[in-house]
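This report refers to the structure that appears directly beneath it.
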Amino acid sequence: MSTRSLIAIKNSDNIRYIYCHWDGYPSHNGRILLQSYNTPEIINKLIDGGSLSILGENISTDQPHSFNNPVDGVCVYYGRDRKETNVAPRTCVTEEELLAAGGSCWADYVYLYDGGWKCNHLGSELVELTPDDCK
């Protein structure tokens, strides 16, 4: 069973986000986001790839990598690695719209970077994500 999530970044004029199908709970996705994706540049690069099957510590690799033969620790993208379409990043304007988007795709967690990571669980409000939350 999957634990769906959205991963988002608040920019000056919008919020960009992607869907992630597997392991959305804080001890996996939250931990990886805190440790590996902690600048706007790297987060936007992550989001540029579109929706994910699974979040990894690395966006890409020089090794052969695909949906059916993934390299451990590397993101598996629906578009790049599975050749699916209609998986581009999406945008909204407000946090409320982001949370509604999470609800519409049955996301258990929504992660938002706004100078630091915030997280919500099943429609609750977004609160600061800390290392203690990710154990």
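In the structure tokens, each chain is lettered A, B, ... as it comes, each chain's residues begin at 1, and ligands are numbered from 1 in order of appearance.
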
>> Among chain A, which ones does DSSP assign to helix (DSSP H, G or I) (computed from the backbone)? Answer as an MDAnalysis selection string.
In response: chainID A and resid 26:36 40:48 78:82 95:104 131:134

Just C-alpha atoms for this one: save the residues we selected as a compact mmCIF listing (two decimals), in the first residue's frame.
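Saved to result12.txt:
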# COMPACT_ATOMS: atom_id res chain seq x y z
CA PRO A 26 8.06 11.73 7.62
CA SER A 27 10.50 8.93 8.50
CA HIS A 28 11.15 8.48 4.76
CA ASN A 29 10.21 11.48 2.60
CA GLY A 30 10.45 13.97 5.46
CA ARG A 31 13.90 12.75 6.43
CA ILE A 32 15.14 12.82 2.83
CA LEU A 33 13.74 16.30 2.23
CA LEU A 34 15.38 17.68 5.38
CA GLN A 35 18.74 16.06 4.65
CA SER A 36 19.06 16.26 0.86
CA PRO A 40 15.47 26.48 -3.30
CA GLU A 41 17.77 25.59 -6.20
CA ILE A 42 17.88 21.86 -5.47
CA ILE A 43 14.18 21.71 -4.56
CA ASN A 44 13.19 23.42 -7.82
CA LYS A 45 15.43 20.98 -9.70
CA LEU A 46 13.69 18.07 -7.92
CA ILE A 47 10.26 19.48 -8.81
CA ASP A 48 11.30 20.22 -12.41
CA TYR A 78 7.11 8.81 -13.80
CA GLY A 79 8.12 10.82 -16.87
CA ARG A 80 11.87 10.27 -17.05
CA ASP A 81 11.98 6.69 -15.79
CA ARG A 82 8.61 5.26 -16.82
CA GLU A 95 -1.39 26.98 0.93
CA GLU A 96 -5.12 26.25 1.10
CA GLU A 97 -5.11 25.36 -2.61
CA LEU A 98 -2.06 23.14 -2.05
CA LEU A 99 -3.79 21.30 0.79
CA ALA A 100 -6.90 20.88 -1.37
CA ALA A 101 -4.72 19.42 -4.14
CA GLY A 102 -3.34 16.98 -1.59
CA GLY A 103 -6.84 15.96 -0.64
CA SER A 104 -7.89 15.48 -4.24
CA PRO A 131 14.37 15.98 12.62
CA ASP A 132 12.43 14.58 15.59
CA ASP A 133 9.36 14.28 13.35
CA CYS A 134 11.36 12.11 10.97

> Counting only C-alpha atoms, what is within 6 Å of range 68-76 of chain A, bar same-chain residues fewer than 2 positions away, as a list in words?
Replying inline: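 The neighbour list is Leu52, Ser53, Ile54, Leu55, Gly56, Glu57, Asn58, Ile59, Ser60, His65 and Ser66 of chain A.
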
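CA of Asn38 in chain A to CA of Val87 in chain A spans 23.2 Å [interatomic distance, one decimal].
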
>> Neighbouring residues of Lys10 in chain A were defined as those with any atom within 7 Å, considering only C-alpha atoms; residues of the same chain fewer than 6 positions away were excluded. Please report them as a PyMOL selection string.
In response: chain A and resi 16+113-114

>> Taking 3 positions as the minimum chain separation for residues in the same chain, which residues sit within 6 Å of Ile18 in chain A when counting only C-alpha atoms? Answer as a list in words.
In response: Leu6, Ile7, Gly50, Ser51 and Pro89 of chain A

>> Neighbouring residues of Arg4 in chain A were defined as those with any atom within 8 Å, considering only C-alpha atoms; residues of the same chain fewer than 3 positions away were excluded. Please report them as a ChimeraX atom specification.
In response: /A:19-24,106-109

> Which one of A:Tyr111, A:Tyr25, A:Phe67, A:Tyr37 sits closest to Ser2 in chain A if you count only C-alpha atoms?
Replying inline: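 Closest to Ser2 in chain A, using only C-alpha atoms: A:Tyr25.
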
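What separates CA of Asn14 in chain A from CA of Thr91 in chain A is a distance of 6.4 Å.
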
> Running DSSP on the backbone, which parts of range 29-131 of chain A land in strand (DSSP E or B), as number ranges by chain?
Replying inline: A: 52-54, 58, 74, 76-77, 90-92, 109-113, 117-121, 127-128

> Which is closest to Val110 in chain A among A:Tyr17, A:Tyr77, A:Asn11, A:Gly49, if we use only C-alpha atoms?
Replying inline: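 Nearest candidate to Val110 in chain A out of A:Tyr17, A:Tyr77, A:Asn11, A:Gly49: A:Tyr17.
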
> At what distance in Å, to one decimal, does CA of Asp13 in chain A lie from CA of Thr94 in chain A?
Replying inline: 9.9 Å
